[in-house]
Amino acid sequence: MAALASKSKGKSWEFDPFDDGSTKIAVKLQRKQYGSFMRDYALQLKDFEDVLGENPGKTWDWELDPVCLRYMPYEEISLLQLIKSDNKILNKVLTVFTSLCCEIDTLKGEAEKRFYVPLLMYGERASGQPFQDGECQLQLGRMLPLLQDLSSFVSRVYIVVKRVVQQLGALYSPESSRGSLKKVMDGSGVHLQPVYEHLGTALTILLTLDLILAQARTLHEHWKLYKRMMITSVRGSAEKFGASEVKLQPLEKLLLKLEGDLLDRRIFVNCMIEQYDGEQLMVSVSQVLRDEMLFNIQNYFVYLEARLGEAHELDQRDKFVGLCCVVVLHYNIFKIADKRFVRALWDTYKKIPAVHIIGNIVWQPAVFLSHYLPGIDKYLDKKQKTGATASSKQWLTAKSQNLAREAQNWYLQISSWMISMESVSPAGDVQQEINHKTSLFVDGLKFAFGISHLLRTVANLHFSLGVPMTKTEVLAICKLLELLKAVELTFHRCSMTVAQTVGQLIQHHSLVCLEIIQRAKQRLAAEKRYSDKRLDVLAALGLMQMCLNGPGTKERMIVANLALGVAMGMPRLFREDELSTLSGTMKKVEAAAELIPKLQWACDCSFLYWHRVIIGRYFTDLFENPTDANRLHYMFCALRDCCGPLRLVCHEDPQDALLEAFDKEVMAMLQEHIISPLCREIETDLRLSIHSDVKQDDRNPYRAGLRDLSPFLRVRPIRFFDRFIDIKGQVTLYLDTTFYNTTTVALHDWRKYGEMRNLATQKYGLMMTEVHLPSQTIEQGLDVLEIMRNIHVFVSRYLYNLNNQVFVERSSSSKFLNTINIRHIANSIRTHGTGIMNTTVNFTYQYLSKKFVIFSQFLFDEHIKAKLIKDIRHFKESKAELDQKYPFERVEKFNKGIRKLGLTPDGLSYLDQFRILISQIGNAMGYVRMIRSGGLHCCSDAIRFVPDLEDIISFEELVAAEGLSKDTETATRCLDAAVSNLSKNFAEGTEYFKLLVDVFAPVFRGDKHKHLRNFYMIVPPLVGRHRHQDNKKKKKHL
């Protein structure tokens, strides 16, 4: 009694529960005030942004994208911490199924990142050339580690699938099929739909691998060559390859295992025929599990079928592939099928004749069911079979005819949607604002999936059926690609808004779910009739509340959906409207949490790599319609999606060879179809505009048509791989190069090209580079560099006038003779700089050294030396009688003696050749002399702007005194150095002849060259021979 009294006394102060609605009104008012505060604060921040200028903004440039914003929530606690309730049995059940679902998601990610692309890309060649001997075996050898990992991966998937089926069997199987296993919990009415969805995902992985390997013909061919090499070549001569037969046996066993596990195209079939019955659990005889699996499959099919091919379809057709795989698994386990359901499943070909899997691979439901579902023919009539056979071609034909119209419709819808996305403004009510943004995001996601499904199916059906595309289809497909990337980039531009709204959406929809769950929980607790079933449901509702109270991570959503499946085991727990709202709202939470990953998957255009031949046609059409030039950004954004898969290639060496080949291929097509024609068109237009006095073709735009190419020049630089493609810059470079080169060839047209530069700036906005051609004369003559490179030709073809310092061409095929004087040399030095002088002189000295060797050898010859010594002795003995004069008779006698030694085919004696050698040496020395004179002439022209050479002002000191910047000080130091160098060169010059004497004199004066002292005696015969040749030429001309 005392206890009762104290209990009643303790509660005497409490009022009776009463709710007049004031709490809800207060909460609503506070929310409204908080929303108003946030809107005012956002407007203030926007004003700050506007004041700061263009740099701070809501988004960053998607071309650069230096920082990537990821706002997909992820779980930081373990499943054991997440699934924590008072019902330990339920905790264990949900932990097992959640971990299996997460494991399947992990397997799916691993398959996509590691295995799909390398297998799909095998056989693609970076060089484009046929395989050479041994190259096939090398490429397959690089793939062996991947194939070994793939075999382990497939075994892991088999184990996970088996565990899922056995865990379902343990939950639903009756006591008769359990053996020694005890019943875990009451599974009646419990429908774990997420488990079957993930089971379909796991089976889809196996099916995808089968489809990829079935299409990899090159891999199978190379496998046969590699296996033949290992069996015949390596085994027969193992020591030659540094191996032993003991080590080869495991390798051969590995090859046989890999062939049986992977290359026999039975990856999916092996999973179907797996033994799912255990020693303690007979899954195949469990009628409860059979009915439960069929119930979930049919419910899932109803949900998917209502959305397949419809405007609100997202990723349902990809899940439909998994559903069909689960149907085949169900048939292989229980050996029974529902006739009506199979017929309904078969008829889905009318909505989706094919589903794109990856790359250029498509999956056809009718073909799959007829191949993997034995005995399906007895469920179908003849009309259904024949209709499915031709459905793909009929669908493709119908789509091809209407593809351009559909592309235009998509263009109008997406344009309107983009305007709405860009102009999102705060609404009057927070709830209304959230609903409006949700609607926009969902619409964008639907557009992305709708275009993606259409693109992938049409393009890859053309590939698989071997039907060529028409030009209209190609352009429509390219337009859809642009629209797809436009949707993705619109979301990117609104990243800040999306990031903010996604959190609000998850929080809002979670709150709606929590209210429904709380009401159901209160109703269940109020009945006061507790049983194991009710305790399980109460614990499941508590887990749902705990999961929905946190961020919408993948793990939390799996647990929440599984818990909802357990809660559904209690009949009439939710009212129909509550259940519908709860299911739909939870799907919205999932969609909001996975918004960006789903969008990225839908907008992924990596499949374009297999259809890249259409890019050339697209570029050609775009060049013919320049007004749409900005569309290039979207196309290159789609092409960039191909880079990720190409980086995963394993068979090429180096690994990025295929990536570089793709880069070169795309750039070559862009250059061929857009940039090169654009450069030529603009150049032609500039030439025709300048040369208005020349008769031209009809340029009336109303008759001949006139295209405005300026939109191409207004396109912002396009990012592709590790470069930016600047079309305007490339056109400018082309025109600069062309104008410069043509001006140097035709100097008299310099004014015309200057006008063309100005017109290019005015008409096309091109910032042309000033050529700064050095001042020069029309009779520029040969360049110093050209003479230096061909000094041996120059000295033989030109004659040197010592008095006037001019070279005159010896003979010419034209009516004119070229001349080279000091002014020409000065112009060349001004063009190339004074540094060319020393280089030219050094090159000439090297040439002279070779000629002096021939000179010395001639005088050293026994015949020549004997005659010279004889003449020297005679001259010394008779010089008094001869009055110090060399007699003409001795000259004739010397020449006749030399002629007896032999003549060349041209009739020249050795003395004539020696005379020509001396002339060439003299020409080379005259060229050196002219180089010095030209350098002094050039320096005098440059130094004339210095007022007083005796008193040169130091600009560096003046700048230092004024305290100017370091850059200015550096510039003035360079100026002082240049002026000092000019002054020194002008005042002193370089005595090249003195250098020549200093180099050769010590050598020629040595004992080894005493024969050179006889040279003076051969001068009279040389002069006589020269006179004879001149007279002969004069008589010939007369």
# chains A, B, ... in the order shown; residues from 1 in each chain; ligands from 1
call {"tool": "residues_around", "arguments": {"residues": "Gly35 of chain A", "least_positions_apart": "5", "cutoff": "9 Å", "atoms": "only C-alpha atoms", "output": "JSON, numbers by chain"}}
result
{"A": [30, 40, 429, 430]}
call {"tool": "write_last_selection", "arguments": {"atoms": "C-alpha atoms", "output": "short mmCIF file (atom, residue, chain, number, x, y, z; two decimals), in the first residue's frame"}}
result
data_model
loop_
_atom_site.label_atom_id
_atom_site.label_comp_id
_atom_site.auth_asym_id
_atom_site.auth_seq_id
_atom_site.Cartn_x
_atom_site.Cartn_y
_atom_site.Cartn_z
CA GLN A 30 9.79 28.43 -36.15
CA ASP A 40 18.04 36.68 -46.20
CA ASP A 429 7.81 28.38 -48.60
CA VAL A 430 10.68 26.02 -47.68
#
call {"tool": "residues_around", "arguments": {"residues": "His462 of chain A", "least_positions_apart": "3", "cutoff": "12 Å", "atoms": "only C-alpha atoms", "output": "ChimeraX atom specification"}}
result
/A:354,360-362,392-393,395-397,399-400,455-459,465-470,473-474,477,610-611
call {"tool": "atom_distance", "arguments": {"atom1": "atom CA of Gly1006 of chain A", "atom2": "atom CA of Ile921 of chain A"}}
result
21.1 Å
call {"tool": "select_by_dssp", "arguments": {"residues": "segment 13-214 of chain A", "states": "helix (DSSP H, G or I)", "output": "ChimeraX atom specification"}}
result
/A:22-52,79-82,88-121,135-172,175-177,193-214
call {"tool": "residues_around", "arguments": {"residues": "segment 705-714 of chain A", "least_positions_apart": "2", "cutoff": "9 Å", "atoms": "only C-alpha atoms", "output": "PDB file with C-alpha atoms, in the first residue's frame"}}
result
ATOM      1  CA  PHE A 623      32.434  22.790 -90.058  1.00  0.00           C
ATOM      2  CA  GLU A 624      29.653  23.150 -92.610  1.00  0.00           C
ATOM      3  CA  ASN A 625      27.453  24.752 -89.919  1.00  0.00           C
ATOM      4  CA  PRO A 626      29.784  27.079 -87.963  1.00  0.00           C
ATOM      5  CA  THR A 627      26.991  28.644 -85.913  1.00  0.00           C
ATOM      6  CA  ASP A 628      27.015  25.534 -83.675  1.00  0.00           C
ATOM      7  CA  ALA A 629      30.769  25.602 -83.068  1.00  0.00           C
ATOM      8  CA  ASN A 630      30.368  25.769 -79.278  1.00  0.00           C
ATOM      9  CA  LEU A 678      39.254  26.534 -91.263  1.00  0.00           C
ATOM     10  CA  GLU A 681      39.129  29.152 -95.657  1.00  0.00           C
ATOM     11  CA  ILE A 682      40.168  32.148 -93.554  1.00  0.00           C
ATOM     12  CA  ARG A 699      30.838  36.103-103.923  1.00  0.00           C
ATOM     13  CA  ASN A 700      27.240  37.251-103.628  1.00  0.00           C
ATOM     14  CA  PRO A 701      25.979  35.497-100.460  1.00  0.00           C
ATOM     15  CA  TYR A 702      22.457  35.293-101.873  1.00  0.00           C
ATOM     16  CA  ARG A 703      23.675  33.299-104.871  1.00  0.00           C
ATOM     17  CA  ARG A 716      36.897  28.760 -75.601  1.00  0.00           C
ATOM     18  CA  ASP A 726      42.858  26.600 -78.803  1.00  0.00           C
ATOM     19  CA  ILE A 727      41.331  26.822 -82.280  1.00  0.00           C
ATOM     20  CA  LYS A 728      41.825  30.569 -82.448  1.00  0.00           C
ATOM     21  CA  GLY A 729      45.462  30.208 -81.433  1.00  0.00           C
ATOM     22  CA  VAL A 731      44.545  29.617 -86.810  1.00  0.00           C
ATOM     23  CA  LYS A 763      37.314  40.827 -89.158  1.00  0.00           C
ATOM     24  CA  TYR A 764      38.140  37.751 -87.054  1.00  0.00           C
ATOM     25  CA  GLY A 765      39.629  39.241 -83.893  1.00  0.00           C
ATOM     26  CA  LEU A 766      42.947  37.455 -84.391  1.00  0.00           C
TER      27      LEU A 766
END
call {"tool": "closest_atom_pairs", "arguments": {"of": "segment 271-376 of chain A", "to": "segment 433-444 of chain A", "cutoff": "10 Å", "atoms": "only C-alpha atoms", "output": "JSON lines"}}
result
{"residue": "A:Ala311", "atom": "CA", "partner": "A:Asp443", "partner_atom": "CA", "distance": 9.8}
{"residue": "A:His312", "atom": "CA", "partner": "A:Asp443", "partner_atom": "CA", "distance": 8.5}
{"residue": "A:Leu314", "atom": "CA", "partner": "A:Val442", "partner_atom": "CA", "distance": 9.7}
call {"tool": "write_last_selection", "arguments": {"atoms": "C-alpha atoms", "output": "mmCIF file, in the first residue's frame"}}
result
data_model
loop_
_atom_site.group_PDB
_atom_site.id
_atom_site.type_symbol
_atom_site.label_atom_id
_atom_site.label_comp_id
_atom_site.auth_asym_id
_atom_site.auth_seq_id
_atom_site.Cartn_x
_atom_site.Cartn_y
_atom_site.Cartn_z
ATOM 1 C CA ALA A 311 9.506 8.360 -69.682
ATOM 2 C CA HIS A 312 10.145 7.930 -65.946
ATOM 3 C CA LEU A 314 15.916 5.290 -64.664
#
call {"tool": "residues_around", "arguments": {"residues": "segment 507-514 of chain A", "least_positions_apart": "6", "cutoff": "12 Å", "atoms": "only C-alpha atoms", "output": "ChimeraX atom specification"}}
result
/A:430-435,438,500-501,520-521,541-552,556-557,560-561,564,574,578-593
call {"tool": "write_last_selection", "arguments": {"atoms": "N, CA and C atoms", "output": "CSV table (one decimal), in the first residue's frame"}}
result
chain,number,residue,atom,x,y,z
A,430,VAL,N,9.5,27.0,-47.6
A,430,VAL,CA,10.7,26.0,-47.7
A,430,VAL,C,10.2,24.7,-48.3
A,431,GLN,N,9.1,24.2,-47.9
A,431,GLN,CA,8.6,23.0,-48.4
A,431,GLN,C,8.4,23.1,-49.9
A,432,GLN,N,7.8,24.2,-50.4
A,432,GLN,CA,7.6,24.3,-51.8
A,432,GLN,C,8.9,24.4,-52.6
A,433,GLU,N,9.9,25.1,-52.0
A,433,GLU,CA,11.2,25.2,-52.6
A,433,GLU,C,11.9,23.8,-52.7
A,434,ILE,N,11.8,23.0,-51.7
A,434,ILE,CA,12.4,21.7,-51.7
A,434,ILE,C,11.7,20.8,-52.8
A,435,ASN,N,10.4,20.9,-52.8
A,435,ASN,CA,9.6,20.1,-53.8
A,435,ASN,C,10.0,20.5,-55.2
A,438,THR,N,13.5,19.2,-56.0
A,438,THR,CA,13.4,17.8,-56.2
A,438,THR,C,12.9,17.4,-57.6
A,500,GLN,N,23.7,21.5,-51.4
A,500,GLN,CA,22.9,22.0,-50.3
A,500,GLN,C,21.6,21.4,-50.3
A,501,THR,N,21.0,21.2,-51.5
A,501,THR,CA,19.6,20.6,-51.6
A,501,THR,C,19.6,19.2,-51.2
A,520,ALA,N,3.3,3.8,-36.6
A,520,ALA,CA,3.1,2.4,-36.6
A,520,ALA,C,3.6,1.7,-35.3
A,521,LYS,N,4.7,2.2,-34.8
A,521,LYS,CA,5.3,1.7,-33.6
A,521,LYS,C,4.4,1.9,-32.4
A,541,LEU,N,11.4,-1.9,-36.5
A,541,LEU,CA,11.0,-0.5,-36.6
A,541,LEU,C,12.0,0.4,-35.9
A,542,GLY,N,12.6,-0.1,-34.8
A,542,GLY,CA,13.6,0.7,-34.1
A,542,GLY,C,14.8,0.8,-34.9
A,543,LEU,N,15.2,-0.3,-35.6
A,543,LEU,CA,16.4,-0.2,-36.5
A,543,LEU,C,16.2,0.8,-37.7
A,544,MET,N,14.9,0.8,-38.2
A,544,MET,CA,14.6,1.7,-39.3
A,544,MET,C,14.8,3.2,-38.8
A,545,GLN,N,14.3,3.4,-37.6
A,545,GLN,CA,14.4,4.8,-37.1
A,545,GLN,C,15.8,5.2,-36.9
A,546,MET,N,16.6,4.2,-36.4
A,546,MET,CA,18.0,4.6,-36.1
A,546,MET,C,18.8,4.8,-37.4
A,547,CYS,N,18.5,4.0,-38.4
A,547,CYS,CA,19.1,4.2,-39.7
A,547,CYS,C,18.7,5.5,-40.4
A,548,LEU,N,17.4,5.8,-40.4
A,548,LEU,CA,16.9,7.0,-41.0
A,548,LEU,C,17.3,8.3,-40.3
A,549,ASN,N,17.7,8.2,-39.0
A,549,ASN,CA,18.1,9.4,-38.3
A,549,ASN,C,19.5,9.8,-38.7
A,550,GLY,N,20.2,9.0,-39.4
A,550,GLY,CA,21.6,9.4,-39.8
A,550,GLY,C,21.6,9.7,-41.3
A,551,PRO,N,22.8,9.9,-41.8
A,551,PRO,CA,22.9,10.2,-43.3
A,551,PRO,C,22.4,9.0,-44.1
A,552,GLY,N,22.1,9.3,-45.4
A,552,GLY,CA,21.5,8.3,-46.2
A,552,GLY,C,22.6,7.5,-46.9
A,556,ARG,N,23.1,2.1,-44.5
A,556,ARG,CA,21.9,2.4,-43.8
A,556,ARG,C,20.6,2.1,-44.6
A,557,MET,N,20.7,2.4,-45.8
A,557,MET,CA,19.5,2.2,-46.7
A,557,MET,C,19.2,0.7,-46.8
A,560,ALA,N,17.7,-0.4,-43.6
A,560,ALA,CA,16.4,0.1,-43.4
A,560,ALA,C,15.4,-0.7,-44.3
A,561,ASN,N,15.8,-1.0,-45.5
A,561,ASN,CA,14.9,-1.7,-46.4
A,561,ASN,C,14.7,-3.2,-45.9
A,564,LEU,N,12.4,-3.0,-43.1
A,564,LEU,CA,11.0,-2.8,-43.6
A,564,LEU,C,10.4,-4.1,-44.0
A,574,PHE,N,0.9,-1.2,-41.3
A,574,PHE,CA,0.8,0.1,-41.9
A,574,PHE,C,-0.5,0.2,-42.7
A,578,GLU,N,-0.1,4.8,-45.8
A,578,GLU,CA,1.1,5.0,-45.1
A,578,GLU,C,2.2,4.1,-45.8
A,579,LEU,N,1.8,2.9,-46.1
A,579,LEU,CA,2.8,2.0,-46.7
A,579,LEU,C,3.3,2.5,-48.1
A,580,SER,N,2.3,3.0,-48.9
A,580,SER,CA,2.7,3.6,-50.2
A,580,SER,C,3.6,4.8,-50.0
A,581,THR,N,3.3,5.6,-49.1
A,581,THR,CA,4.1,6.8,-48.8
A,581,THR,C,5.5,6.4,-48.3
A,582,LEU,N,5.5,5.5,-47.4
A,582,LEU,CA,6.8,5.0,-46.8
A,582,LEU,C,7.7,4.4,-47.8
A,583,SER,N,7.2,3.5,-48.7
A,583,SER,CA,8.0,2.9,-49.7
A,583,SER,C,8.5,3.9,-50.7
A,584,GLY,N,7.6,4.8,-51.1
A,584,GLY,CA,8.0,5.8,-52.1
A,584,GLY,C,9.0,6.8,-51.5
A,585,THR,N,8.8,7.2,-50.3
A,585,THR,CA,9.7,8.2,-49.7
A,585,THR,C,11.1,7.6,-49.4
A,586,MET,N,11.2,6.3,-49.0
A,586,MET,CA,12.5,5.7,-48.8
A,586,MET,C,13.2,5.6,-50.2
A,587,LYS,N,12.5,5.3,-51.2
A,587,LYS,CA,13.2,5.3,-52.5
A,587,LYS,C,13.7,6.7,-52.9
A,588,LYS,N,12.9,7.7,-52.5
A,588,LYS,CA,13.4,9.1,-52.7
A,588,LYS,C,14.7,9.4,-51.9
A,589,VAL,N,14.8,8.9,-50.7
A,589,VAL,CA,16.0,9.0,-49.9
A,589,VAL,C,17.2,8.4,-50.6
A,590,GLU,N,16.9,7.2,-51.1
A,590,GLU,CA,18.0,6.5,-51.8
A,590,GLU,C,18.4,7.2,-53.1
A,591,ALA,N,17.4,7.7,-53.8
A,591,ALA,CA,17.7,8.4,-55.0
A,591,ALA,C,18.5,9.7,-54.7
A,592,ALA,N,18.1,10.4,-53.7
A,592,ALA,CA,18.8,11.7,-53.3
A,592,ALA,C,20.2,11.4,-52.9
A,593,ALA,N,20.4,10.3,-52.2
A,593,ALA,CA,21.8,10.0,-51.7
A,593,ALA,C,22.7,9.5,-52.9
call {"tool": "closest_residue", "arguments": {"among": "A:His198, A:His222, A:Lys446, A:Arg687", "to": "Trp417 of chain A", "atoms": "only C-alpha atoms"}}
result
A:Lys446
call {"tool": "residues_around", "arguments": {"residues": "Ile376 of chain A", "least_positions_apart": "6", "cutoff": "10 Å", "atoms": "only C-alpha atoms", "output": "ChimeraX atom specification"}}
result
/A:337,339,342-343,346,369-370
call {"tool": "closest_residue", "arguments": {"among": "A:Thr834, A:Gln394, A:Thr106, A:Gln137", "to": "Arg156 of chain A", "atoms": "only C-alpha atoms"}}
result
A:Thr106
call {"tool": "select_by_dssp", "arguments": {"residues": "segment 596-743 of chain A", "states": "strand (DSSP E or B)", "output": "list in words"}}
result
Ile718, Arg719, Phe720, Arg723, Phe724 and Ile725 of chain A
call {"tool": "residues_around", "arguments": {"residues": "segment 165-171 of chain A", "least_positions_apart": "5", "cutoff": "8 Å", "atoms": "only C-alpha atoms", "output": "tab-separated table (two decimals) with all heavy atoms, in the first residue's frame"}}
result
chain	number	residue	atom	x	y	z
A	97	PHE	N	22.57	-10.64	-43.89
A	97	PHE	CA	22.08	-10.25	-45.21
A	97	PHE	C	22.64	-8.89	-45.65
A	97	PHE	O	22.93	-8.68	-46.83
A	97	PHE	CB	20.54	-10.22	-45.21
A	97	PHE	CG	19.92	-11.57	-45.26
A	97	PHE	CD1	19.19	-12.07	-44.19
A	97	PHE	CD2	20.05	-12.38	-46.39
A	97	PHE	CE1	18.61	-13.32	-44.24
A	97	PHE	CE2	19.48	-13.63	-46.44
A	97	PHE	CZ	18.77	-14.12	-45.35
A	178	ARG	N	15.47	-28.89	-42.78
A	178	ARG	CA	16.57	-28.24	-42.07
A	178	ARG	C	17.60	-29.23	-41.54
A	178	ARG	O	18.71	-28.83	-41.23
A	178	ARG	CB	16.03	-27.43	-40.89
A	178	ARG	CG	15.29	-26.19	-41.31
A	178	ARG	CD	14.72	-25.47	-40.11
A	178	ARG	NE	14.05	-24.25	-40.50
A	178	ARG	CZ	14.65	-23.09	-40.64
A	178	ARG	NH1	15.93	-23.01	-40.41
A	178	ARG	NH2	13.97	-22.02	-41.01
A	183	LYS	N	15.33	-23.51	-36.20
A	183	LYS	CA	14.67	-22.35	-36.80
A	183	LYS	C	15.18	-21.08	-36.15
A	183	LYS	O	15.23	-20.96	-34.93
A	183	LYS	CB	13.16	-22.48	-36.62
A	183	LYS	CG	12.37	-21.43	-37.38
A	183	LYS	CD	10.88	-21.70	-37.24
A	183	LYS	CE	10.07	-20.65	-37.99
A	183	LYS	NZ	10.31	-20.70	-39.43
A	184	VAL	N	15.56	-20.14	-36.99
A	184	VAL	CA	16.15	-18.90	-36.47
A	184	VAL	C	15.08	-17.94	-36.00
A	184	VAL	O	15.07	-17.49	-34.85
A	184	VAL	CB	17.02	-18.24	-37.56
A	184	VAL	CG1	17.64	-16.96	-37.03
A	184	VAL	CG2	18.10	-19.20	-38.02
A	185	MET	N	14.17	-17.61	-36.88
A	185	MET	CA	13.09	-16.68	-36.57
A	185	MET	C	11.91	-16.98	-37.48
A	185	MET	O	12.04	-17.71	-38.47
A	185	MET	CB	13.54	-15.23	-36.73
A	185	MET	CG	13.97	-14.86	-38.13
A	185	MET	SD	14.41	-13.12	-38.31
A	185	MET	CE	12.79	-12.36	-38.26
A	186	ASP	N	10.81	-16.42	-37.16
A	186	ASP	CA	9.60	-16.64	-37.95
A	186	ASP	C	9.70	-15.81	-39.23
A	186	ASP	O	9.67	-14.58	-39.19
A	186	ASP	CB	8.38	-16.22	-37.13
A	186	ASP	CG	7.08	-16.54	-37.86
A	186	ASP	OD1	7.16	-17.19	-38.94
A	186	ASP	OD2	6.02	-16.16	-37.36
A	187	GLY	N	9.85	-16.52	-40.37
A	187	GLY	CA	10.01	-15.82	-41.64
A	187	GLY	C	8.73	-15.64	-42.42
A	187	GLY	O	8.76	-15.16	-43.56
A	276	TYR	N	23.52	-26.20	-54.27
A	276	TYR	CA	23.13	-25.28	-53.20
A	276	TYR	C	22.63	-26.02	-51.96
A	276	TYR	O	22.41	-25.40	-50.93
A	276	TYR	CB	22.06	-24.32	-53.70
A	276	TYR	CG	22.58	-23.36	-54.74
A	276	TYR	CD1	22.40	-23.59	-56.09
A	276	TYR	CD2	23.30	-22.24	-54.36
A	276	TYR	CE1	22.90	-22.72	-57.04
A	276	TYR	CE2	23.81	-21.35	-55.30
A	276	TYR	CZ	23.60	-21.61	-56.65
A	276	TYR	OH	24.10	-20.74	-57.59
A	277	ASP	N	22.40	-27.31	-52.08
A	277	ASP	CA	21.99	-28.10	-50.91
A	277	ASP	C	23.20	-28.39	-50.05
A	277	ASP	O	24.30	-28.70	-50.55
A	277	ASP	CB	21.35	-29.41	-51.35
A	277	ASP	CG	20.01	-29.17	-52.03
A	277	ASP	OD1	19.38	-28.15	-51.71
A	277	ASP	OD2	19.61	-29.98	-52.89
A	281	LEU	N	21.02	-28.55	-44.70
A	281	LEU	CA	19.94	-27.75	-45.27
A	281	LEU	C	19.74	-28.14	-46.73
A	281	LEU	O	20.66	-28.07	-47.53
A	281	LEU	CB	20.28	-26.26	-45.18
A	281	LEU	CG	19.22	-25.28	-45.71
A	281	LEU	CD1	17.96	-25.37	-44.87
A	281	LEU	CD2	19.76	-23.86	-45.70
A	282	MET	N	18.52	-28.59	-47.04
A	282	MET	CA	18.16	-28.96	-48.41
A	282	MET	C	17.36	-27.82	-49.02
A	282	MET	O	16.14	-27.71	-48.82
A	282	MET	CB	17.38	-30.27	-48.41
A	282	MET	CG	18.12	-31.45	-47.81
A	282	MET	SD	19.61	-31.86	-48.75
A	282	MET	CE	18.87	-32.43	-50.27
A	283	VAL	N	18.06	-26.98	-49.75
A	283	VAL	CA	17.41	-25.80	-50.32
A	283	VAL	C	16.45	-26.17	-51.43
A	283	VAL	O	15.35	-25.62	-51.56
A	283	VAL	CB	18.48	-24.81	-50.85
A	283	VAL	CG1	17.83	-23.65	-51.55
A	283	VAL	CG2	19.34	-24.31	-49.71
A	286	SER	N	12.80	-27.07	-50.57
A	286	SER	CA	12.05	-26.16	-49.71
A	286	SER	C	10.98	-25.45	-50.53
A	286	SER	O	11.28	-24.55	-51.33
A	286	SER	CB	13.01	-25.14	-49.08
A	286	SER	OG	12.28	-24.17	-48.36
A	289	LEU	N	10.70	-21.64	-49.55
A	289	LEU	CA	11.70	-20.79	-50.20
A	289	LEU	C	11.39	-20.61	-51.68
A	289	LEU	O	11.55	-19.51	-52.22
A	289	LEU	CB	13.10	-21.41	-50.04
A	289	LEU	CG	14.25	-20.66	-50.71
A	289	LEU	CD1	14.36	-19.24	-50.16
A	289	LEU	CD2	15.57	-21.40	-50.53
call {"tool": "closest_residue", "arguments": {"among": "A:Leu140, A:Ile836, A:Leu901, A:Val246", "to": "Ile864 of chain A", "atoms": "only C-alpha atoms"}}
result
A:Leu901
call {"tool": "closest_residue", "arguments": {"among": "A:Leu373, A:Ile872, A:Cys603, A:Leu144", "to": "Leu345 of chain A", "atoms": "only C-alpha atoms"}}
result
A:Leu373
call {"tool": "closest_residue", "arguments": {"among": "A:Leu251, A:Leu45, A:Cys325, A:Ala525", "to": "Ala539 of chain A", "atoms": "only C-alpha atoms"}}
result
A:Ala525
call {"tool": "closest_residue", "arguments": {"among": "A:Ile791, A:Ile869, A:Ala978, A:Val853", "to": "Tyr927 of chain A", "atoms": "only C-alpha atoms"}}
result
A:Ile791
